[in-house]
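Structure data follow from model_15.cif (mmCIF, C-alpha atoms):
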```
data_upload
#
loop_
_atom_site.label_atom_id
_atom_site.label_comp_id
_atom_site.auth_asym_id
_atom_site.auth_seq_id
_atom_site.Cartn_x
_atom_site.Cartn_y
_atom_site.Cartn_z
CA MET A 121 111.35 34.39 94.40
CA SER A 122 107.81 35.57 93.84
CA VAL A 123 106.26 35.47 90.39
CA THR A 124 104.11 38.25 88.92
CA VAL A 125 102.07 37.75 85.75
CA VAL A 126 101.10 40.90 83.83
CA THR A 127 98.95 40.86 80.70
CA GLY A 128 99.29 43.62 78.12
CA ALA A 129 102.79 44.13 79.53
CA GLY A 130 104.27 45.21 76.18
CA SER A 131 103.34 48.84 76.82
CA GLY A 132 101.75 51.42 79.08
CA ILE A 133 100.37 50.36 82.44
CA GLY A 134 101.33 46.71 81.92
CA ARG A 135 104.96 47.53 81.16
CA ALA A 136 105.23 49.96 84.07
CA THR A 137 103.74 47.32 86.37
CA ALA A 138 106.08 44.56 85.18
CA LEU A 139 109.07 46.91 85.64
CA ARG A 140 107.98 47.92 89.12
CA PHE A 141 107.34 44.39 90.38
CA ALA A 142 110.63 43.18 88.85
CA ARG A 143 112.45 46.06 90.55
CA ASN A 144 110.98 44.86 93.83
CA GLY A 145 112.52 41.43 93.28
CA SER A 146 109.66 39.54 91.65
CA GLU A 147 110.11 37.52 88.49
CA ALA A 148 107.86 39.08 85.84
CA VAL A 149 105.95 36.98 83.34
CA VAL A 150 105.38 39.49 80.54
CA ALA A 151 102.30 38.54 78.50
CA ASP A 152 101.24 40.43 75.41
CA ILE A 153 99.73 39.76 72.00
CA ASN A 154 102.60 41.79 70.50
CA GLU A 155 105.86 39.77 70.68
CA GLN A 156 108.10 42.69 69.81
CA THR A 157 106.89 45.09 72.49
CA GLY A 158 106.69 42.23 74.99
CA GLN A 159 110.33 41.30 74.35
CA GLU A 160 111.28 44.96 74.74
CA THR A 161 109.75 44.98 78.22
CA VAL A 162 111.77 41.87 79.10
CA GLU A 163 114.96 43.56 77.85
CA LEU A 164 114.20 46.69 79.89
CA ILE A 165 113.77 44.57 83.01
CA GLU A 166 116.90 42.48 82.39
CA LYS A 167 118.96 45.60 81.69
CA SER A 168 118.09 46.93 85.12
CA GLY A 169 119.06 43.63 86.74
CA GLY A 170 115.60 42.10 87.10
CA ARG A 171 114.22 38.76 85.98
CA ALA A 172 111.57 38.50 83.31
CA VAL A 173 110.26 36.17 80.64
CA PHE A 174 107.95 36.81 77.70
CA ARG A 175 105.02 34.64 76.67
CA ARG A 176 102.63 35.57 73.89
CA LEU A 177 98.98 35.68 74.96
CA ASP A 178 95.88 36.67 73.03
CA VAL A 179 93.51 37.39 75.91
CA ALA A 180 90.52 37.11 73.57
CA SER A 181 91.19 33.40 73.14
CA LEU A 182 90.06 30.92 75.78
CA THR A 183 92.43 28.20 74.56
CA ASP A 184 95.31 30.69 74.65
CA TRP A 185 94.40 31.49 78.23
CA GLU A 186 94.31 27.80 79.21
CA ASP A 187 97.66 27.08 77.55
CA PHE A 188 99.14 30.17 79.14
CA THR A 189 97.99 29.20 82.64
CA ASP A 190 99.36 25.67 82.23
CA TRP A 191 102.68 27.00 80.96
CA VAL A 192 103.11 29.61 83.73
CA CYS A 193 102.34 27.12 86.49
CA ALA A 194 104.55 24.38 84.99
CA GLU A 195 107.55 26.58 84.21
CA HIS A 196 107.44 29.16 87.00
CA GLY A 197 105.06 27.78 89.60
CA VAL A 198 101.69 29.18 90.62
CA PRO A 199 102.11 32.96 90.47
CA ASP A 200 101.85 35.15 93.56
CA VAL A 201 100.32 38.07 91.68
CA VAL A 202 98.30 38.15 88.46
CA VAL A 203 97.62 41.56 86.92
CA ASN A 204 94.93 41.44 84.24
CA ASN A 205 95.72 44.64 82.42
CA ALA A 206 95.33 44.00 78.67
CA GLY A 207 92.51 46.01 77.14
CA ILE A 208 91.30 47.83 74.05
CA LEU A 209 89.33 50.97 73.16
CA ILE A 210 86.51 51.21 70.64
CA GLY A 211 84.91 54.66 70.30
CA GLY A 212 81.58 55.47 68.67
CA GLY A 213 77.94 55.62 69.73
CA PHE A 214 75.80 52.72 71.00
CA LEU A 215 74.22 52.09 67.58
CA GLU A 216 77.29 53.04 65.53
CA GLN A 217 79.28 50.19 67.01
CA THR A 218 78.42 46.91 65.32
CA ASN A 219 77.42 43.72 67.12
CA ALA A 220 80.93 42.45 66.31
CA ASP A 221 82.49 45.56 67.92
CA TRP A 222 80.40 44.96 71.03
CA ARG A 223 81.27 41.26 71.20
CA ARG A 224 84.99 41.93 70.79
CA MET A 225 84.88 44.57 73.50
CA ILE A 226 83.01 42.37 75.99
CA GLN A 227 85.33 39.46 75.18
CA ILE A 228 88.53 41.41 75.77
CA ASN A 229 87.81 44.10 78.35
CA MET A 230 85.24 42.28 80.44
CA MET A 231 85.65 38.52 80.02
CA SER A 232 89.43 38.25 79.70
CA PRO A 233 90.19 39.54 83.21
CA LEU A 234 87.45 37.30 84.57
CA VAL A 235 88.75 34.28 82.63
CA GLY A 236 92.30 34.98 83.84
CA SER A 237 90.99 35.35 87.39
CA ARG A 238 89.05 32.11 87.17
CA LEU A 239 91.97 30.05 85.84
CA PHE A 240 94.62 31.39 88.21
CA VAL A 241 92.43 31.44 91.32
CA GLN A 242 91.74 27.76 90.66
CA ARG A 243 95.50 27.07 90.67
CA MET A 244 96.05 29.20 93.74
CA THR A 245 93.38 27.41 95.76
CA ASP A 246 94.51 23.97 94.49
CA SER A 247 98.09 24.59 95.56
CA GLY A 248 97.41 26.67 98.67
CA VAL A 249 99.16 29.77 97.31
CA ARG A 250 97.83 32.90 99.01
CA GLY A 251 98.03 34.91 95.81
CA HIS A 252 96.59 38.18 94.62
CA ILE A 253 94.48 39.02 91.57
CA VAL A 254 94.53 42.59 90.27
CA ASN A 255 92.11 43.55 87.53
CA VAL A 256 92.79 46.86 85.80
CA CYS A 257 89.34 48.32 85.20
CA SER A 258 88.76 52.01 84.51
CA VAL A 259 87.04 55.09 85.81
CA GLY A 260 84.76 54.29 82.85
CA ALA A 261 83.16 51.68 85.12
CA PHE A 262 81.44 54.63 86.85
CA MET A 263 80.81 56.79 83.78
CA PRO A 264 77.99 55.71 81.45
CA THR A 265 79.37 57.89 78.65
CA PRO A 266 77.82 58.06 75.15
CA ILE A 267 81.25 58.24 73.47
CA ALA A 268 82.51 54.75 74.33
CA PRO A 269 79.48 52.78 75.54
CA SER A 270 80.90 49.32 74.87
CA TYR A 271 84.09 50.23 76.74
CA VAL A 272 82.27 51.39 79.87
CA VAL A 273 79.87 48.44 79.84
CA ALA A 274 82.83 46.05 79.67
CA LYS A 275 84.75 47.90 82.37
CA ALA A 276 81.71 48.04 84.67
CA GLY A 277 81.30 44.27 84.18
CA ALA A 278 84.96 43.63 84.91
CA TRP A 279 84.76 45.81 88.02
CA PHE A 280 81.61 44.06 89.25
CA GLY A 281 83.06 40.63 88.52
CA THR A 282 86.14 41.59 90.54
CA GLN A 283 83.91 42.50 93.47
CA ALA A 284 82.10 39.15 93.21
CA LEU A 285 85.46 37.36 93.15
CA ARG A 286 86.56 39.26 96.23
CA ALA A 287 83.29 38.43 98.00
CA GLU A 288 83.84 34.71 97.33
CA PHE A 289 87.59 34.35 97.87
CA GLY A 290 88.42 37.31 100.12
CA ASP A 291 88.21 35.17 103.26
CA LYS A 292 90.03 32.24 101.66
CA GLY A 293 93.38 33.98 101.57
CA ILE A 294 93.21 35.24 98.00
CA GLY A 295 93.61 38.99 97.58
CA VAL A 296 91.44 40.63 94.93
CA SER A 297 91.69 44.24 93.78
CA ALA A 298 90.18 46.42 91.06
CA ILE A 299 92.20 49.40 89.84
CA CYS A 300 90.24 52.21 88.19
CA PRO A 301 92.58 54.62 86.42
CA GLY A 302 91.53 57.92 84.90
CA LEU A 303 93.42 59.38 81.93
CA ILE A 304 96.81 57.66 81.62
CA ARG A 305 99.49 58.11 78.95
CA THR A 306 99.28 54.72 77.21
CA SER A 307 98.77 53.25 73.74
CA LEU A 308 95.06 52.71 74.46
CA ALA A 309 93.93 55.49 72.11
CA ALA A 310 96.64 54.85 69.50
CA ASN A 311 95.57 51.20 69.25
CA GLY A 312 91.88 52.09 69.43
CA THR A 313 89.24 52.06 66.71
CA ARG A 314 86.11 54.09 65.98
CA GLY A 315 82.93 52.14 65.28
CA GLY A 316 80.59 53.01 62.43
CA VAL A 317 83.18 54.45 60.02
CA SER A 318 85.59 53.06 57.42
CA ASP A 319 88.91 51.51 58.50
CA GLY A 320 90.80 54.49 57.12
CA ALA A 321 88.62 57.03 58.94
CA SER A 322 88.92 54.93 62.10
CA ALA A 323 92.73 54.90 61.93
CA ASP A 324 92.74 58.66 61.33
CA TRP A 325 90.43 59.20 64.32
CA SER A 326 92.61 57.05 66.59
CA SER A 327 95.82 58.78 65.64
CA LYS A 328 94.31 62.24 66.28
CA LEU A 329 92.89 61.08 69.61
CA ALA A 330 96.24 59.54 70.52
CA ALA A 331 98.03 62.84 69.83
CA GLY A 332 96.08 64.57 72.61
CA HIS A 333 96.17 61.50 74.82
CA ARG A 334 100.00 61.56 74.81
CA TYR A 335 100.04 65.06 76.27
CA LEU A 336 97.08 64.94 78.62
CA GLY A 337 97.54 61.58 80.32
CA ARG A 338 99.59 61.00 83.43
CA SER A 339 102.41 58.47 83.76
CA PRO A 340 101.46 54.77 83.73
CA ASP A 341 103.83 54.31 86.66
CA ARG A 342 101.20 56.06 88.79
CA VAL A 343 98.95 53.08 88.11
CA ALA A 344 101.78 50.61 88.71
CA ALA A 345 102.32 52.23 92.11
CA ALA A 346 98.60 51.92 92.85
CA ILE A 347 98.73 48.23 91.92
CA GLU A 348 101.68 47.68 94.25
CA ARG A 349 99.78 49.45 97.04
CA ALA A 350 96.62 47.44 96.33
CA VAL A 351 98.54 44.16 96.66
CA ARG A 352 100.40 45.22 99.79
CA ARG A 353 97.23 46.31 101.62
CA ASN A 354 94.71 44.13 99.76
CA LEU A 355 92.60 47.12 98.72
CA SER A 356 89.24 46.54 97.04
CA THR A 357 88.84 49.42 94.55
CA VAL A 358 91.62 51.90 93.83
CA PRO A 359 90.86 54.92 91.61
CA VAL A 360 93.98 56.55 90.11
CA GLY A 361 93.94 60.29 89.37
CA ILE A 362 91.73 63.12 90.58
CA GLU A 363 89.07 62.61 87.88
CA ALA A 364 88.87 58.91 88.77
CA TRP A 365 88.35 59.66 92.47
CA ALA A 366 85.77 62.32 91.61
CA ALA A 367 83.82 59.95 89.35
CA TRP A 368 84.00 57.15 91.92
CA TYR A 369 82.55 59.34 94.70
CA LEU A 370 80.02 61.04 92.42
CA TYR A 371 78.73 57.68 91.22
CA ARG A 372 78.26 56.48 94.79
CA LEU A 373 76.58 59.74 95.78
CA SER A 374 74.24 60.00 92.80
CA PRO A 375 74.22 57.65 89.83
CA SER A 376 71.87 59.98 87.95
CA ALA A 377 74.21 62.95 88.42
CA ALA A 378 77.12 60.80 87.21
CA ARG A 379 75.06 59.82 84.16
CA GLY A 380 74.02 63.42 83.47
CA LEU A 381 77.61 64.61 83.66
CA SER A 382 78.88 61.73 81.52
CA GLY A 383 76.17 62.50 78.96
CA LEU A 384 77.37 66.06 78.44
CA VAL A 385 80.10 64.89 76.10
CA THR A 386 78.32 63.42 73.08
CA MET A 387 79.86 61.69 70.08
CA SER A 388 79.57 64.82 67.91
CA ILE A 389 81.48 66.85 70.52
CA ALA A 390 84.00 64.01 70.88
CA ASP A 391 84.62 63.95 67.13
CA LYS A 392 85.26 67.72 67.19
CA ALA A 393 87.60 67.34 70.18
CA VAL A 394 89.48 64.56 68.39
CA ALA A 395 89.86 66.74 65.28
CA LEU A 396 91.16 69.58 67.48
CA SER A 397 93.55 67.21 69.23
CA GLY A 398 94.91 66.26 65.80
CA LYS A 399 95.42 69.94 64.90
CA VAL A 400 96.96 71.03 68.20
CA PHE A 401 99.08 68.00 69.01
CA GLY A 402 99.78 66.87 65.46
CA GLY A 403 98.18 63.48 65.16
CA ASN A 404 98.63 61.65 61.88
CA MET B 186 47.74 51.38 68.59
CA LYS B 187 51.09 51.02 70.35
CA ASN B 188 53.38 48.13 69.54
CA VAL B 189 55.06 46.55 72.52
CA ILE B 190 57.72 43.83 72.29
CA ILE B 191 58.44 41.72 75.35
CA THR B 192 61.15 39.05 75.38
CA GLY B 193 60.88 36.02 77.61
CA ALA B 194 57.14 36.64 77.62
CA GLY B 195 56.29 32.93 77.68
CA ALA B 196 56.47 32.92 81.47
CA GLY B 197 56.83 34.85 84.70
CA ILE B 198 57.53 38.58 84.62
CA GLY B 199 57.40 38.66 80.80
CA ARG B 200 53.98 37.01 80.61
CA GLU B 201 52.46 39.22 83.32
CA THR B 202 53.90 42.33 81.65
CA ALA B 203 52.53 41.24 78.27
CA LYS B 204 49.07 40.74 79.76
CA LEU B 205 49.18 44.12 81.48
CA PHE B 206 50.18 46.02 78.32
CA ALA B 207 47.58 44.13 76.26
CA ALA B 208 44.89 44.93 78.83
CA LYS B 209 45.79 48.62 78.48
CA GLY B 210 45.24 48.42 74.73
CA SER B 211 48.67 47.76 73.24
CA ARG B 212 49.44 45.21 70.55
CA VAL B 213 51.94 42.89 72.17
CA VAL B 214 54.58 40.81 70.44
CA VAL B 215 55.27 37.90 72.75
CA ALA B 216 58.84 36.76 72.05
CA ASP B 217 60.24 33.64 73.66
CA ILE B 218 62.65 30.85 72.80
CA ASP B 219 59.87 28.47 73.85
CA LEU B 220 57.24 28.99 71.12
CA PRO B 221 54.43 26.91 72.76
CA ALA B 222 54.88 28.99 75.94
CA ALA B 223 54.69 32.21 73.89
CA LYS B 224 51.54 30.92 72.19
CA GLU B 225 50.02 30.16 75.58
CA THR B 226 50.61 33.78 76.64
CA VAL B 227 49.02 34.96 73.37
CA GLU B 228 46.01 32.72 73.94
CA GLN B 229 45.51 34.13 77.44
CA ILE B 230 45.68 37.67 76.05
CA VAL B 231 43.33 36.97 73.14
CA THR B 232 40.84 35.21 75.42
CA ALA B 233 40.80 38.34 77.57
CA GLY B 234 40.03 40.43 74.46
CA GLY B 235 43.55 41.75 73.79
CA ARG B 236 45.80 41.63 70.74
CA ALA B 237 49.02 39.63 70.68
CA THR B 238 51.33 37.69 68.38
CA ALA B 239 53.87 35.03 69.27
CA TYR B 240 57.44 35.01 67.92
CA GLN B 241 60.18 32.47 68.52
CA LEU B 242 63.41 34.25 69.47
CA ASP B 243 66.72 33.13 70.92
CA VAL B 244 67.88 36.43 72.43
CA SER B 245 71.52 35.30 72.54
CA SER B 246 71.70 35.30 68.73
CA ALA B 247 72.48 38.60 66.99
CA GLU B 248 71.30 37.09 63.70
CA GLU B 249 67.92 36.15 65.16
CA TRP B 250 67.52 39.69 66.50
CA GLU B 251 68.22 41.11 63.03
CA ALA B 252 65.66 38.75 61.49
CA PHE B 253 63.18 39.59 64.23
CA GLY B 254 63.70 43.30 63.52
CA ALA B 255 62.92 42.80 59.82
CA TRP B 256 59.86 40.68 60.61
CA MET B 257 58.57 43.21 63.14
CA PHE B 258 59.01 46.13 60.78
CA ALA B 259 57.30 44.32 57.91
CA HIS B 260 54.30 43.25 60.00
CA PHE B 261 53.70 46.04 62.50
CA GLY B 262 56.30 48.75 61.97
CA ALA B 263 58.76 49.95 64.59
CA PRO B 264 57.85 49.21 68.20
CA HIS B 265 56.95 51.95 70.66
CA VAL B 266 58.20 49.92 73.58
CA LEU B 267 60.84 47.19 73.81
CA ILE B 268 61.08 45.26 77.05
CA ASN B 269 64.23 43.13 77.31
CA ASN B 270 63.11 40.68 79.95
CA ALA B 271 64.43 37.25 78.89
CA GLY B 272 67.16 35.99 81.16
CA VAL B 273 68.73 33.02 82.87
CA MET B 274 70.54 32.47 86.12
CA ASP B 275 73.12 29.75 86.60
CA LEU B 276 74.14 29.24 90.19
CA GLY B 277 77.72 28.36 90.96
CA GLY B 278 80.93 29.87 92.28
CA PHE B 279 83.19 32.13 90.25
CA VAL B 280 85.71 29.35 89.59
CA GLU B 281 83.20 26.46 89.56
CA MET B 282 81.26 27.90 86.63
CA SER B 283 82.70 26.60 83.38
CA ALA B 284 83.75 28.90 80.55
CA ALA B 285 80.69 27.72 78.61
CA GLN B 286 78.37 28.61 81.51
CA TRP B 287 79.94 32.06 81.80
CA GLN B 288 79.55 32.60 78.07
CA ARG B 289 75.90 31.51 78.11
CA GLU B 290 75.17 33.90 80.97
CA ILE B 291 76.88 36.80 79.18
CA ASP B 292 75.19 36.00 75.84
CA ILE B 293 71.68 35.72 77.26
CA ASP B 294 71.73 38.32 80.03
CA LEU B 295 74.06 40.96 78.60
CA MET B 296 74.58 40.67 74.83
CA SER B 297 70.84 40.17 74.22
CA VAL B 298 70.15 43.61 75.66
CA ILE B 299 72.77 45.16 73.37
CA TYR B 300 71.59 43.32 70.24
CA GLY B 301 67.91 44.08 70.89
CA SER B 302 68.46 47.70 71.84
CA ARG B 303 70.60 48.29 68.75
CA VAL B 304 68.02 46.83 66.34
CA PHE B 305 64.94 48.51 67.74
CA ALA B 306 66.43 51.83 68.89
CA GLN B 307 67.54 52.27 65.27
CA GLN B 308 63.99 51.51 64.04
CA MET B 309 62.51 53.99 66.52
CA ILE B 310 64.97 56.69 65.39
CA ASP B 311 64.40 55.98 61.69
CA ASP B 312 60.63 56.13 62.17
CA GLY B 313 60.73 59.18 64.42
CA ILE B 314 59.04 57.25 67.22
CA ARG B 315 59.73 58.58 70.69
CA GLY B 316 59.86 55.07 72.04
CA HIS B 317 61.02 53.48 75.23
CA ILE B 318 63.38 50.62 76.02
CA VAL B 319 63.07 48.84 79.34
CA ASN B 320 65.81 46.44 80.35
CA LEU B 321 65.05 44.03 83.17
CA SER B 322 68.18 44.04 85.27
CA SER B 323 68.26 42.67 88.79
CA ALA B 324 68.70 43.82 92.34
CA ALA B 325 71.89 41.73 92.14
CA ALA B 326 73.35 44.56 90.04
#
```

So that I can check it, write out the structure of this file as structure tokens.
Amino acid sequence: MSVTVVTGAGSGIGRATALRFARNGSEAVVADINEQTGQETVELIEKSGGRAVFRRLDVASLTDWEDFTDWVCAEHGVPDVVVNNAGILIGGGFLEQTNADWRRMIQINMMSPLVGSRLFVQRMTDSGVRGHIVNVCSVGAFMPTPIAPSYVVAKAGAWFGTQALRAEFGDKGIGVSAICPGLIRTSLAANGTRGGVSDGASADWSSKLAAGHRYLGRSPDRVAAAIERAVRRNLSTVPVGIEAWAAWYLYRLSPSAARGLSGLVTMSIADKAVALSGKVFGGN
Amino acid sequence: MKNVIITGAGAGIGRETAKLFAAKGSRVVVADIDLPAAKETVEQIVTAGGRATAYQLDVSSAEEWEAFGAWMFAHFGAPHVLINNAGVMDLGGFVEMSAAQWQREIDIDLMSVIYGSRVFAQQMIDDGIRGHIVNLSSAAA
């Protein structure tokens, strides 16, 4: 039986991915910082006849990552597929976000998939497992937007790191893919924060943003399907959604046009849109 | 007189850039983690008739950037130009590089640009200076 590790599998894209791989006969290792939602994913999988196990993982912690890798390999063997999906959102302008906001973002959205890749690729090469690493990046990797600069910097770094990993291990039997979703219906916005304002104002902002996000995003299973396809065909970069494909091609055609377009939505417009989202869709 | 800050200006690209800006009449702040190297750059500039000051800065430290910002503002005011040039390159495979090596690379080559840009972009905005930030990236990007 193959083993699939999915981080951030307590909700959204991670949960949909764990469910899909379990449905296809893989044993899912459900990793999440939230034990409750992680256990719920395991129950969902078991209820539909699949096999799954939960293990708590704080992807921001290097020691957590090392313990997690040891545990997975000892208890379930070297995994066949590792999906680095866990991520966070911090909104707010370049200067509004504090140095601590920036560090946290780089640590979680950029470094954690690269750390997970590094640890598991080491085990795969040591044991001769021809495994696959999937890093869930974002269309943000191609959109230097002023409304979530730390997020897009981290995602661009994760995407580039994934390409470097593929360049090094692609011919050594390890599959490496980057998935770049557009707007997906997940808890990303609901769990997000806004830099440069009080905690209360940040929570209010996130809940209003999340209200619109729930209606406008597409199903996370679309991303899970893209991940399955990426593993099957060992695809390099897979945008998900029309806006993701458009941004991916525009960025390759003209980085300055992509920047100009991304720059049209400024933080003051974003704040107005978030307030409107709260009114229309009933956030908070 | 324009104030120009250049990090990693104790050697290589940083030093040459510092000399060029000084020769064109700017006051250059030569920042480097290696203070004697920064002072050597300053000496070369001063000998050639330019104006320059050395400052010891570890670009990977957010706290040092904040202190540098306060020092800069007190002595010369907000800069007109900030050139984030300091950088390192560790060679090694993706998996071979230790977590500490990865972190060092990220702190010096990525976070430094964010810390420095945040401190001095804010000063430029507060002072109404239409300044410029130049980040030395690499063709590897």

List the residues matched by the PyMOL selection byres ((chain A) within 12 of (chain B)) in the displayed structure as a VMD selection string, ordered by chain and then by residue number. chain A and resid 181 to 183 185 to 186 213 to 227 230 to 232 234 to 246 269 to 270 273 to 274 276 to 277 279 to 289

Result set of the PyMOL selection byres ((chain A and resi 145) around 12) on the coordinates above, as a VMD selection string: chain A and resid 121 to 124 138 to 144 146 to 148 165 to 166 168 to 172

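Using all atoms listed in the file, the nearest neighbour of B:Ile293 within the list B:Thr192, B:Ala252, B:Leu220, B:Arg200 is B:Thr192.
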
Just so the selection is clear, what residues does the PyMOL selection byres ((chain A and resi 207) around 7) cover here, as a VMD selection string? chain A and resid 205 to 206 208 228 to 229

Looking at B:Met309, B:Ala239, B:Ile268, B:Val244, which one is nearest to B:Phe206, with distances taken over all atoms listed in the file?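 Answer, going by the shortest atom-to-atom distance: B:Ile268.
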
Which distance in Å separates atom CA of A:Phe401 and atom CA of A:Lys328, to one decimal? 8.0 Å

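Residue nearest A:Gly248, chosen from A:Pro199, A:Gly212, A:Ala367, A:Lys275 and counting only C-alpha atoms: A:Pro199.
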
In terms of the shortest atom-to-atom distance over only C-alpha atoms, which of A:Ala298, A:Ile304, A:Val400, A:Cys193 is closest to A:Val249?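 That would be A:Cys193, the residue with the smallest distance to A:Val249.
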
B:Asp243: which residues within 8 Å, counting only C-alpha atoms, same-chain residues fewer than 5 positions away excluded, as a ChimeraX atom specification? /B:217-218,249-250

Go ahead and save the residues from that selection, with C-alpha atoms, as a PDB file, keeping the file's coordinate frame.
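To be explicit, this is the file written out as result-v3.pdb:
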```pdb
ATOM      1  CA  ASP B 217      60.240  33.640  73.660  1.00  0.00           C
ATOM      2  CA  ILE B 218      62.650  30.850  72.800  1.00  0.00           C
ATOM      3  CA  GLU B 249      67.920  36.150  65.160  1.00  0.00           C
ATOM      4  CA  TRP B 250      67.520  39.690  66.500  1.00  0.00           C
TER       5      TRP B 250
END
```

Reconstruct N, CA and C atoms of stretch 291-302 of chain B from the incomplete input and present them as a short mmCIF file (atom, residue, chain, number, x, y, z; two decimals), in the frame of the given file.
```
data_model
loop_
_atom_site.label_atom_id
_atom_site.label_comp_id
_atom_site.auth_asym_id
_atom_site.auth_seq_id
_atom_site.Cartn_x
_atom_site.Cartn_y
_atom_site.Cartn_z
N ILE B 291 76.57 35.51 79.81
CA ILE B 291 76.88 36.80 79.18
C ILE B 291 76.04 36.98 77.90
N ASP B 292 75.93 35.90 77.11
CA ASP B 292 75.19 36.00 75.84
C ASP B 292 73.71 36.28 76.08
N ILE B 293 73.12 35.59 77.05
CA ILE B 293 71.68 35.72 77.26
C ILE B 293 71.33 36.95 78.09
N ASP B 294 72.11 37.24 79.12
CA ASP B 294 71.73 38.32 80.03
C ASP B 294 72.33 39.68 79.67
N LEU B 295 73.42 39.68 78.93
CA LEU B 295 74.06 40.96 78.60
C LEU B 295 73.99 41.29 77.09
N MET B 296 74.52 40.37 76.27
CA MET B 296 74.58 40.67 74.83
C MET B 296 73.18 40.84 74.24
N SER B 297 72.21 40.08 74.75
CA SER B 297 70.84 40.17 74.22
C SER B 297 70.30 41.59 74.32
N VAL B 298 70.62 42.25 75.44
CA VAL B 298 70.15 43.61 75.66
C VAL B 298 70.79 44.56 74.64
N ILE B 299 72.06 44.32 74.35
CA ILE B 299 72.77 45.16 73.37
C ILE B 299 72.23 44.91 71.96
N TYR B 300 72.10 43.64 71.58
CA TYR B 300 71.59 43.32 70.24
C TYR B 300 70.18 43.90 70.05
N GLY B 301 69.31 43.64 71.00
CA GLY B 301 67.91 44.08 70.89
C GLY B 301 67.78 45.59 70.88
N SER B 302 68.53 46.24 71.76
CA SER B 302 68.46 47.70 71.84
C SER B 302 68.97 48.32 70.56
#
```
